[in-house]
$ cat start29.tsv   # TSV, C-alpha atoms
chain	number	residue	atom	x	y	z
A	1	MET	CA	124.25	121.61	93.59
A	2	ILE	CA	121.50	122.05	90.97
A	3	ALA	CA	120.10	125.59	91.15
A	4	ASN	CA	116.88	124.95	89.21
A	5	PRO	CA	114.23	123.73	91.72
A	6	LEU	CA	112.24	121.90	89.01
A	7	LEU	CA	115.28	120.04	87.73
A	8	GLN	CA	116.42	119.24	91.26
A	9	GLY	CA	112.92	118.06	92.25
A	10	ALA	CA	112.62	115.87	89.14
A	11	LEU	CA	116.00	114.28	89.83
A	12	LEU	CA	115.03	113.60	93.45
A	13	ILE	CA	111.77	111.97	92.31
A	14	LEU	CA	113.60	109.73	89.82
A	15	LEU	CA	116.08	108.66	92.49
A	16	SER	CA	113.19	108.06	94.92
A	17	GLU	CA	111.37	105.85	92.42
A	18	TRP	CA	114.52	103.87	91.70
A	19	ALA	CA	115.05	103.36	95.44
A	20	LEU	CA	111.45	102.13	95.67
A	21	VAL	CA	112.00	99.59	92.90
A	22	ALA	CA	115.20	98.48	94.65
A	23	SER	CA	113.05	97.89	97.74
A	24	GLY	CA	110.72	95.74	95.65
A	25	ILE	CA	113.63	93.67	94.39
A	26	ILE	CA	114.84	93.07	97.96
A	27	ILE	CA	111.32	92.18	99.13
A	28	ARG	CA	111.06	89.63	96.32
A	29	GLN	CA	114.41	88.20	97.42
A	30	LEU	CA	113.33	87.89	101.08
A	31	SER	CA	109.71	86.81	100.57
A	32	ASP	CA	110.62	83.13	100.18
A	33	THR	CA	111.85	82.94	103.78
A	34	LEU	CA	110.18	85.80	105.70
A	35	PRO	CA	106.45	86.66	106.00
A	36	THR	CA	105.23	90.08	104.90
A	37	GLU	CA	104.36	91.03	108.50
A	38	VAL	CA	107.94	90.43	109.62
A	39	LEU	CA	109.35	92.38	106.67
A	40	VAL	CA	107.15	95.40	107.43
A	41	PHE	CA	108.11	95.43	111.11
A	42	LEU	CA	111.83	95.06	110.50
A	43	ARG	CA	111.80	97.62	107.67
A	44	ASN	CA	110.39	100.26	110.04
A	45	SER	CA	112.43	99.34	113.12
A	46	LEU	CA	115.69	99.10	111.16
A	47	GLY	CA	114.77	102.35	109.41
A	48	LEU	CA	115.06	104.02	112.81
A	49	LEU	CA	118.71	102.96	112.90
A	50	TRP	CA	119.41	104.90	109.72
A	51	LEU	CA	117.84	107.97	111.31
A	52	LEU	CA	119.80	107.72	114.58
A	53	PRO	CA	122.62	110.10	113.49
A	54	TRP	CA	120.02	112.74	112.64
A	55	ILE	CA	118.16	112.15	115.93
A	56	ILE	CA	121.37	112.45	117.97
A	57	ARG	CA	122.51	115.55	116.09
A	58	ARG	CA	119.18	117.43	116.20
A	59	GLY	CA	117.96	116.21	119.59
A	60	GLN	CA	114.59	116.62	121.27
A	61	ARG	CA	113.96	120.13	119.93
A	62	GLU	CA	113.70	118.93	116.34
A	63	LEU	CA	111.35	116.07	117.27
A	64	ARG	CA	108.86	118.28	119.12
A	65	THR	CA	105.53	118.45	117.26
A	66	ARG	CA	101.97	119.64	117.79
A	67	ARG	CA	100.61	117.33	115.12
A	68	ILE	CA	101.16	113.99	116.77
A	69	HIS	CA	97.61	112.92	115.83
A	70	LEU	CA	98.41	113.32	112.13
A	71	HIS	CA	101.66	111.40	112.56
A	72	LEU	CA	99.72	108.57	114.23
A	73	LEU	CA	97.09	108.54	111.48
A	74	ARG	CA	99.69	108.64	108.75
A	75	ALA	CA	101.63	105.78	110.37
A	76	LEU	CA	98.53	103.58	110.81
A	77	VAL	CA	97.34	104.10	107.26
A	78	GLY	CA	100.87	104.05	105.85
A	79	VAL	CA	101.98	100.83	107.49
A	80	THR	CA	98.80	99.11	106.27
A	81	ALA	CA	99.48	100.41	102.75
A	82	MET	CA	103.08	99.21	103.08
A	83	SER	CA	101.90	95.72	104.03
A	84	CYS	CA	99.69	95.61	100.93
A	85	LEU	CA	102.49	96.91	98.73
A	86	TYR	CA	105.00	94.41	100.11
A	87	TYR	CA	102.55	91.58	99.49
A	88	SER	CA	102.11	92.69	95.87
A	89	TRP	CA	105.88	93.01	95.35
A	90	ALA	CA	106.26	89.43	96.58
A	91	ASN	CA	103.39	87.87	94.62
A	92	LEU	CA	103.14	89.81	91.34
A	93	SER	CA	105.63	90.75	88.67
A	94	LEU	CA	107.68	93.82	89.52
A	95	ALA	CA	106.02	95.81	86.73
A	96	GLN	CA	102.50	94.89	87.92
A	97	ALA	CA	103.31	95.81	91.52
A	98	ALA	CA	104.82	99.15	90.48
A	99	LEU	CA	101.82	99.83	88.26
A	100	LEU	CA	99.30	99.18	91.05
A	101	LYS	CA	101.19	101.57	93.32
A	102	GLN	CA	100.81	104.25	90.65
A	103	THR	CA	97.01	104.03	90.71
A	104	ALA	CA	97.09	106.21	93.86
A	105	PRO	CA	96.44	109.43	91.86
A	106	PHE	CA	93.10	107.96	90.75
A	107	PHE	CA	92.04	107.30	94.34
A	108	MET	CA	93.03	110.70	95.70
A	109	PRO	CA	90.20	112.68	94.02
A	110	LEU	CA	87.69	110.06	95.21
A	111	ILE	CA	89.01	110.24	98.77
A	112	SER	CA	88.90	114.04	98.67
A	113	PHE	CA	85.33	113.94	97.33
A	114	PHE	CA	83.94	111.72	100.09
A	115	TRP	CA	86.16	113.01	102.91
A	116	LEU	CA	86.56	116.72	102.14
A	117	GLY	CA	83.66	117.33	99.78
A	118	GLU	CA	85.93	118.49	96.96
A	119	ARG	CA	84.40	118.41	93.49
A	120	ILE	CA	85.84	116.20	90.75
A	121	ASN	CA	86.09	118.04	87.44
A	122	ALA	CA	85.57	116.46	84.03
A	123	ALA	CA	89.29	116.05	83.26
A	124	VAL	CA	89.88	114.13	86.48
A	125	ARG	CA	86.81	111.93	85.92
A	126	TRP	CA	88.18	110.98	82.50
A	127	ALA	CA	91.59	110.40	84.04
A	128	ILE	CA	90.16	107.98	86.61
A	129	LEU	CA	88.25	106.09	83.90
A	130	ILE	CA	91.28	105.84	81.58
A	131	GLY	CA	93.60	104.85	84.42
A	132	PHE	CA	91.48	102.00	85.69
A	133	LEU	CA	90.82	100.87	82.12
A	134	GLY	CA	94.58	100.54	81.76
A	135	VAL	CA	94.70	98.43	84.91
A	136	MET	CA	92.01	96.13	83.52
A	137	VAL	CA	93.85	95.78	80.19
A	138	ILE	CA	97.01	94.70	82.00
A	139	LEU	CA	95.47	92.41	84.59
A	140	GLN	CA	92.75	90.90	82.34
A	141	PRO	CA	90.32	89.80	85.09
A	142	ALA	CA	88.02	88.14	82.52
A	143	SER	CA	90.74	85.59	81.75
A	144	GLY	CA	90.89	84.42	85.35
A	145	GLY	CA	94.06	86.34	86.14
A	146	PHE	CA	92.54	88.70	88.70
A	147	GLU	CA	94.41	87.44	91.74
A	148	ALA	CA	93.95	88.33	95.40
A	149	ALA	CA	97.36	90.04	95.21
A	150	VAL	CA	95.91	92.47	92.67
A	151	LEU	CA	93.07	93.50	94.98
A	152	ILE	CA	95.54	93.83	97.86
A	153	GLY	CA	97.79	95.99	95.69
A	154	LEU	CA	94.88	98.25	94.74
A	155	ALA	CA	93.89	98.54	98.40
A	156	GLY	CA	97.46	99.53	99.18
A	157	ALA	CA	97.34	102.26	96.52
A	158	ALA	CA	94.11	103.64	98.01
A	159	LEU	CA	95.59	103.66	101.51
A	160	GLY	CA	98.81	105.16	100.17
A	161	ALA	CA	96.77	108.00	98.64
A	162	THR	CA	95.20	108.62	102.05
A	163	ALA	CA	98.66	108.73	103.66
A	164	LYS	CA	99.76	111.33	101.10
A	165	VAL	CA	96.85	113.55	102.13
A	166	CYS	CA	98.18	113.38	105.71
A	167	ILE	CA	101.68	114.33	104.54
A	168	ARG	CA	100.28	117.28	102.59
A	169	ALA	CA	98.47	118.48	105.72
A	170	MET	CA	101.72	118.32	107.73
A	171	ARG	CA	104.12	119.73	105.16
A	172	THR	CA	103.82	123.37	106.28
A	173	THR	CA	105.14	122.69	109.81
A	174	GLU	CA	106.92	119.32	109.71
A	175	SER	CA	110.32	118.67	108.13
A	176	PRO	CA	110.80	115.62	105.86
A	177	GLN	CA	113.10	114.05	108.47
A	178	ARG	CA	110.54	114.50	111.25
A	179	ILE	CA	107.76	113.00	109.10
A	180	VAL	CA	109.92	109.98	108.21
A	181	PHE	CA	111.08	109.55	111.83
A	182	TYR	CA	107.57	109.44	113.30
A	183	PHE	CA	106.43	107.12	110.53
A	184	ALA	CA	109.26	104.69	111.32
A	185	LEU	CA	108.60	104.97	115.07
A	186	PHE	CA	104.82	104.55	115.06
A	187	GLY	CA	104.96	102.19	112.09
A	188	SER	CA	107.21	99.88	114.10
A	189	LEU	CA	104.73	99.92	117.00
A	190	PHE	CA	101.72	99.23	114.79
A	191	ALA	CA	103.55	96.47	112.89
A	192	ALA	CA	104.87	94.75	116.03
A	193	ILE	CA	101.73	92.73	116.87
A	194	PRO	CA	101.18	91.09	113.44
A	195	ALA	CA	104.93	90.48	113.21
A	196	TRP	CA	104.95	88.77	116.61
A	197	GLN	CA	102.02	86.56	115.57
A	198	ASN	CA	103.85	85.47	112.38
A	199	TRP	CA	107.42	85.69	113.62
A	200	VAL	CA	110.22	83.96	111.72
A	201	MET	CA	113.79	84.75	112.77
A	202	PRO	CA	115.92	86.08	109.87
A	203	MET	CA	119.04	84.06	109.29
A	204	GLY	CA	122.54	85.05	108.16
A	205	VAL	CA	122.50	87.03	104.92
A	206	ASP	CA	118.83	87.95	105.46
A	207	TRP	CA	119.99	90.67	107.87
A	208	ILE	CA	122.12	92.28	105.18
A	209	TRP	CA	119.13	92.33	102.82
A	210	LEU	CA	116.94	93.75	105.60
A	211	LEU	CA	119.37	96.58	106.32
A	212	ALA	CA	119.49	97.33	102.60
A	213	LEU	CA	115.66	97.31	102.49
A	214	ALA	CA	115.42	99.76	105.39
A	215	ALA	CA	118.04	102.02	103.79
A	216	ALA	CA	116.39	102.00	100.34
A	217	SER	CA	112.88	102.57	101.71
A	218	THR	CA	113.95	105.34	104.07
A	219	LEU	CA	115.97	107.00	101.31
A	220	ALA	CA	112.95	106.85	98.96
A	221	GLN	CA	110.77	108.59	101.56
A	222	LEU	CA	113.34	111.29	102.32
A	223	LEU	CA	113.92	112.02	98.64
A	224	LEU	CA	110.19	112.16	97.95
A	225	SER	CA	109.49	114.50	100.88
A	226	ARG	CA	112.41	116.73	99.87
A	227	ALA	CA	111.26	116.87	96.24
A	228	TYR	CA	107.71	117.91	97.14
A	229	GLY	CA	109.16	120.56	99.42
A	230	LEU	CA	110.82	122.14	96.36
A	231	VAL	CA	108.07	121.86	93.75
A	232	GLY	CA	104.36	121.03	93.86
A	233	ALA	CA	103.05	117.50	93.33
A	234	GLY	CA	101.15	118.60	90.23
A	235	VAL	CA	104.43	119.45	88.49
A	236	LEU	CA	106.53	116.52	89.73
A	237	GLY	CA	103.79	113.86	89.63
A	238	PRO	CA	104.54	112.66	86.07
A	239	PHE	CA	108.09	111.74	87.08
A	240	THR	CA	106.78	109.21	89.63
A	241	TYR	CA	105.73	106.97	86.73
A	242	ALA	CA	109.41	106.25	86.12
A	243	SER	CA	109.03	103.38	88.62
A	244	ILE	CA	106.99	101.41	86.05
A	245	PRO	CA	109.72	101.14	83.35
A	246	PHE	CA	112.35	100.79	86.08
A	247	ALA	CA	110.45	97.82	87.53
A	248	ALA	CA	109.71	96.31	84.12
A	249	LEU	CA	113.40	96.38	83.16
A	250	ALA	CA	114.49	94.98	86.54
A	251	GLY	CA	111.92	92.18	86.36
A	252	TRP	CA	112.98	91.27	82.83
A	253	TRP	CA	116.70	91.33	83.72
A	254	LEU	CA	116.54	89.47	87.06
A	255	TRP	CA	113.59	87.08	86.64
A	256	ASP	CA	112.95	87.02	82.90
A	257	GLU	CA	109.51	88.62	83.35
A	258	SER	CA	108.12	89.39	79.91
A	259	LEU	CA	105.81	92.22	78.87
A	260	GLY	CA	103.24	91.56	76.17
A	261	LEU	CA	101.61	94.15	73.92
A	262	GLY	CA	98.53	94.22	76.16
A	263	THR	CA	100.68	95.00	79.19
A	264	LEU	CA	102.51	97.79	77.38
A	265	ALA	CA	99.21	99.26	76.13
A	266	GLY	CA	97.75	99.12	79.64
A	267	MET	CA	100.80	100.83	81.10
A	268	ALA	CA	100.45	103.60	78.53
A	269	LEU	CA	96.80	104.09	79.54
A	270	VAL	CA	97.67	104.24	83.24
A	271	MET	CA	100.38	106.82	82.63
A	272	LEU	CA	98.07	108.84	80.37
A	273	GLY	CA	95.37	108.75	83.05
A	274	GLY	CA	97.85	109.85	85.69
A	275	LEU	CA	99.02	112.78	83.60
A	276	LEU	CA	95.41	113.85	82.95
A	277	ALA	CA	94.64	113.62	86.68
A	278	LEU	CA	97.60	115.84	87.52
A	279	LYS	CA	96.67	118.32	84.78
A	280	GLY	CA	93.05	118.34	85.94
A	281	LYS	CA	94.07	119.08	89.52
A	282	GLY	CA	96.39	121.82	88.35
$ encode --input "start29.tsv" --output "structure tokens"
Amino acid sequence: MIANPLLQGALLILLSEWALVASGIIIRQLSDTLPTEVLVFLRNSLGLLWLLPWIIRRGQRELRTRRIHLHLLRALVGVTAMSCLYYSWANLSLAQAALLKQTAPFFMPLISFFWLGERINAAVRWAILIGFLGVMVILQPASGGFEAAVLIGLAGAALGATAKVCIRAMRTTESPQRIVFYFALFGSLFAAIPAWQNWVMPMGVDWIWLLALAAASTLAQLLLSRAYGLVGAGVLGPFTYASIPFAALAGWWLWDESLGLGTLAGMALVMLGGLLALKGKG
């Protein structure tokens, strides 16, 4: 056991980000045969299976909550963000999809400004500008490469930022396991209707990939919740950018996805913007 909370939290974040990239790899593998709506539904419903031992061991007492409204809101926003993220994993390079997910820190101050009336200081304003400039450098919309998948990925990042605000509001009373359980439960219910409308039955080896997807995604959530329970997001936030090089290396190794100088420069700008945003909030 690592005694240092910062070191332990950083390690948990790195493992969480790797599990997230592993989810993206599996989604890319399954996207040729299964629609995004079906993947989202099965990811949440199968995720409940991985939580069953905890549910049986802890019982009804551990599941009791007075914040069911926040769990519902988080699930609705989160499952929509998940759908956007899954679509981007399936239709963009792994590095691009991971990068778009990491634009969430630029949306969070904007959401807090309009929703909670929180002021945005100069450092955070510069961070938002630099971060989105990095996105533009990578995606090059002027060259005709600004795809619908990019807009969907950005929407997913914005919704993911909103879901994180819900988690932060629940963190004082809700355990990581309880948060993940109610997300899987309500997420399955919310995802059931679009999945039913676009249903395709998984075949053979697809079920093995789906179980692996549910395991990797659930593990990523548990690790992330545990890490933020040890150390604040402002300290651990920079480590979440590990998903970008992880995804870039995986995309290059598995699908020969190349990264040009413009892409590398844009990634550096996004990471710089994210670090400034975290410093500005601190």
$ closest_atom_pairs --input "start29.tsv" --of "segment 30-102 of chain A" --to "segment 240-248 of chain A" --cutoff "6 Å" --atoms "only C-alpha atoms" --output "tab-separated table"
residue	atom	partner	partner_atom	distance
A:Leu94	CA	A:Ala247	CA	5.3
A:Ala95	CA	A:Ala248	CA	4.5
A:Ala98	CA	A:Ile244	CA	5.4
A:Leu99	CA	A:Ile244	CA	5.8
$ write_last_selection --input "start29.tsv" --atoms "C-alpha atoms" --output "short mmCIF file (atom, residue, chain, number, x, y, z; two decimals), keeping the file's coordinate frame"
data_model
loop_
_atom_site.label_atom_id
_atom_site.label_comp_id
_atom_site.auth_asym_id
_atom_site.auth_seq_id
_atom_site.Cartn_x
_atom_site.Cartn_y
_atom_site.Cartn_z
CA LEU A 94 107.68 93.82 89.52
CA ALA A 95 106.02 95.81 86.73
CA ALA A 98 104.82 99.15 90.48
CA LEU A 99 101.82 99.83 88.26
#
$ closest_residue --input "start29.tsv" --among "A:Asp206, A:Leu275, A:Leu151, A:Ala10" --to "Ile128 of chain A" --atoms "all atoms listed in the file"
A:Leu275
$ closest_residue --input "start29.tsv" --among "A:Pro176, A:Met82, A:Ala163, A:Arg64" --to "Ala227 of chain A" --atoms "all atoms listed in the file"
A:Pro176
$ closest_atom_pairs --input "start29.tsv" --of "segment 92-185 of chain A" --to "segment 54-58 of chain A" --cutoff "10 Å" --atoms "only C-alpha atoms" --output "Markdown table"
| residue | atom | partner | partner_atom | distance |
| --- | --- | --- | --- | --- |
| A:Gln177 | CA | A:Trp54 | CA | 8.2 |
| A:Arg178 | CA | A:Ile55 | CA | 9.2 |
| A:Phe181 | CA | A:Ile55 | CA | 8.6 |
$ closest_residue --input "start29.tsv" --among "A:Gln29, A:Ser188, A:Thr80, A:Gln96" --to "Gly134 of chain A" --atoms "only C-alpha atoms"
A:Gln96
$ closest_residue --input "start29.tsv" --among "A:Tyr86, A:Phe41, A:Phe107, A:Phe190" --to "Val165 of chain A" --atoms "all atoms listed in the file"
A:Phe107
$ axis_aligned_box --input "start29.tsv" --around "segment 117-131 of chain A" --padding-each-side "3 Å" --output "JSON"
{"center_x": 88.6, "center_y": 111.7, "center_z": 90.7, "size_x": 15.9, "size_y": 19.6, "size_z": 24.2}
$ atom_distance --input "start29.tsv" --atom1 "atom CA of Ile27 of chain A" --atom2 "atom CA of Leu11 of chain A"
24.4 Å
$ atom_distance --input "start29.tsv" --atom1 "atom CA of Ser31 of chain A" --atom2 "atom CA of Ser258 of chain A"
20.9 Å
$ residues_near_point --input "start29.tsv" --point "(111.4, 79.4, 104.8)" --cutoff "12 Å" --atoms "all atoms listed in the file" --output "list in words"
Gln29, Leu30, Ser31, Asp32, Thr33, Leu34, Pro35, Trp199, Val200, Met201, Pro202, Met203 and Asp206 of chain A
$ write_last_selection --input "start29.tsv" --atoms "C-alpha atoms" --output "PDB file, in the frame of the given file"
ATOM      1  CA  GLN A  29     114.410  88.200  97.420  1.00  0.00           C
ATOM      2  CA  LEU A  30     113.330  87.890 101.080  1.00  0.00           C
ATOM      3  CA  SER A  31     109.710  86.810 100.570  1.00  0.00           C
ATOM      4  CA  ASP A  32     110.620  83.130 100.180  1.00  0.00           C
ATOM      5  CA  THR A  33     111.850  82.940 103.780  1.00  0.00           C
ATOM      6  CA  LEU A  34     110.180  85.800 105.700  1.00  0.00           C
ATOM      7  CA  PRO A  35     106.450  86.660 106.000  1.00  0.00           C
ATOM      8  CA  TRP A 199     107.420  85.690 113.620  1.00  0.00           C
ATOM      9  CA  VAL A 200     110.220  83.960 111.720  1.00  0.00           C
ATOM     10  CA  MET A 201     113.790  84.750 112.770  1.00  0.00           C
ATOM     11  CA  PRO A 202     115.920  86.080 109.870  1.00  0.00           C
ATOM     12  CA  MET A 203     119.040  84.060 109.290  1.00  0.00           C
ATOM     13  CA  ASP A 206     118.830  87.950 105.460  1.00  0.00           C
TER      14      ASP A 206
END
$ decode --input "start29.tsv" --residues "segment 251-268 of chain A" --atoms "N, CA, C and O atoms" --output "mmCIF file, in the first residue's frame"
data_model
loop_
_atom_site.group_PDB
_atom_site.id
_atom_site.type_symbol
_atom_site.label_atom_id
_atom_site.label_comp_id
_atom_site.auth_asym_id
_atom_site.auth_seq_id
_atom_site.Cartn_x
_atom_site.Cartn_y
_atom_site.Cartn_z
ATOM 1 N N GLY A 251 -3.379 3.969 -30.854
ATOM 2 C CA GLY A 251 -3.851 4.141 -32.221
ATOM 3 C C GLY A 251 -2.766 3.880 -33.246
ATOM 4 O O GLY A 251 -3.017 3.280 -34.306
ATOM 5 N N TRP A 252 -1.554 4.323 -32.945
ATOM 6 C CA TRP A 252 -0.423 4.086 -33.849
ATOM 7 C C TRP A 252 -0.089 2.596 -33.931
ATOM 8 O O TRP A 252 0.154 2.055 -35.007
ATOM 9 N N TRP A 253 -0.106 1.912 -32.773
ATOM 10 C CA TRP A 253 0.283 0.506 -32.723
ATOM 11 C C TRP A 253 -0.766 -0.402 -33.358
ATOM 12 O O TRP A 253 -0.441 -1.324 -34.123
ATOM 13 N N LEU A 254 -2.049 -0.134 -33.083
ATOM 14 C CA LEU A 254 -3.113 -1.048 -33.525
ATOM 15 C C LEU A 254 -3.639 -0.726 -34.918
ATOM 16 O O LEU A 254 -3.997 -1.632 -35.668
ATOM 17 N N TRP A 255 -3.738 0.573 -35.260
ATOM 18 C CA TRP A 255 -4.367 0.963 -36.520
ATOM 19 C C TRP A 255 -3.481 1.862 -37.386
ATOM 20 O O TRP A 255 -3.956 2.445 -38.340
ATOM 21 N N ASP A 256 -2.218 1.975 -37.010
ATOM 22 C CA ASP A 256 -1.272 2.762 -37.799
ATOM 23 C C ASP A 256 -1.734 4.206 -37.957
ATOM 24 O O ASP A 256 -1.548 4.812 -39.013
ATOM 25 N N GLU A 257 -2.343 4.768 -36.913
ATOM 26 C CA GLU A 257 -2.770 6.171 -36.937
ATOM 27 C C GLU A 257 -1.554 7.060 -36.690
ATOM 28 O O GLU A 257 -0.851 6.908 -35.681
ATOM 29 N N SER A 258 -1.292 7.956 -37.618
ATOM 30 C CA SER A 258 -0.103 8.796 -37.516
ATOM 31 C C SER A 258 -0.441 10.150 -36.898
ATOM 32 O O SER A 258 -1.575 10.624 -36.980
ATOM 33 N N LEU A 259 0.568 10.758 -36.298
ATOM 34 C CA LEU A 259 0.424 12.079 -35.691
ATOM 35 C C LEU A 259 1.395 13.038 -36.358
ATOM 36 O O LEU A 259 2.616 12.850 -36.289
ATOM 37 N N GLY A 260 0.855 14.059 -37.027
ATOM 38 C CA GLY A 260 1.700 15.061 -37.652
ATOM 39 C C GLY A 260 2.164 16.100 -36.651
ATOM 40 O O GLY A 260 1.756 16.117 -35.485
ATOM 41 N N LEU A 261 3.013 17.022 -37.126
ATOM 42 C CA LEU A 261 3.529 18.074 -36.247
ATOM 43 C C LEU A 261 2.410 18.975 -35.749
ATOM 44 O O LEU A 261 2.416 19.419 -34.597
ATOM 45 N N GLY A 262 1.426 19.246 -36.629
ATOM 46 C CA GLY A 262 0.303 20.088 -36.212
ATOM 47 C C GLY A 262 -0.491 19.444 -35.091
ATOM 48 O O GLY A 262 -0.913 20.114 -34.138
ATOM 49 N N THR A 263 -0.683 18.125 -35.192
ATOM 50 C CA THR A 263 -1.415 17.408 -34.140
ATOM 51 C C THR A 263 -0.655 17.456 -32.830
ATOM 52 O O THR A 263 -1.238 17.705 -31.763
ATOM 53 N N LEU A 264 0.648 17.230 -32.882
ATOM 54 C CA LEU A 264 1.456 17.265 -31.664
ATOM 55 C C LEU A 264 1.453 18.659 -31.042
ATOM 56 O O LEU A 264 1.364 18.806 -29.815
ATOM 57 N N ALA A 265 1.547 19.696 -31.895
ATOM 58 C CA ALA A 265 1.521 21.070 -31.378
ATOM 59 C C ALA A 265 0.172 21.384 -30.736
ATOM 60 O O ALA A 265 0.104 22.023 -29.673
ATOM 61 N N GLY A 266 -0.911 20.929 -31.370
ATOM 62 C CA GLY A 266 -2.236 21.161 -30.815
ATOM 63 C C GLY A 266 -2.431 20.452 -29.490
ATOM 64 O O GLY A 266 -3.032 21.001 -28.547
ATOM 65 N N MET A 267 -1.924 19.224 -29.391
ATOM 66 C CA MET A 267 -2.015 18.495 -28.124
ATOM 67 C C MET A 267 -1.280 19.237 -27.014
ATOM 68 O O MET A 267 -1.755 19.323 -25.876
ATOM 69 N N ALA A 268 -0.100 19.781 -27.361
ATOM 70 C CA ALA A 268 0.661 20.531 -26.362
ATOM 71 C C ALA A 268 -0.123 21.756 -25.885
ATOM 72 O O ALA A 268 -0.128 22.077 -24.690
#
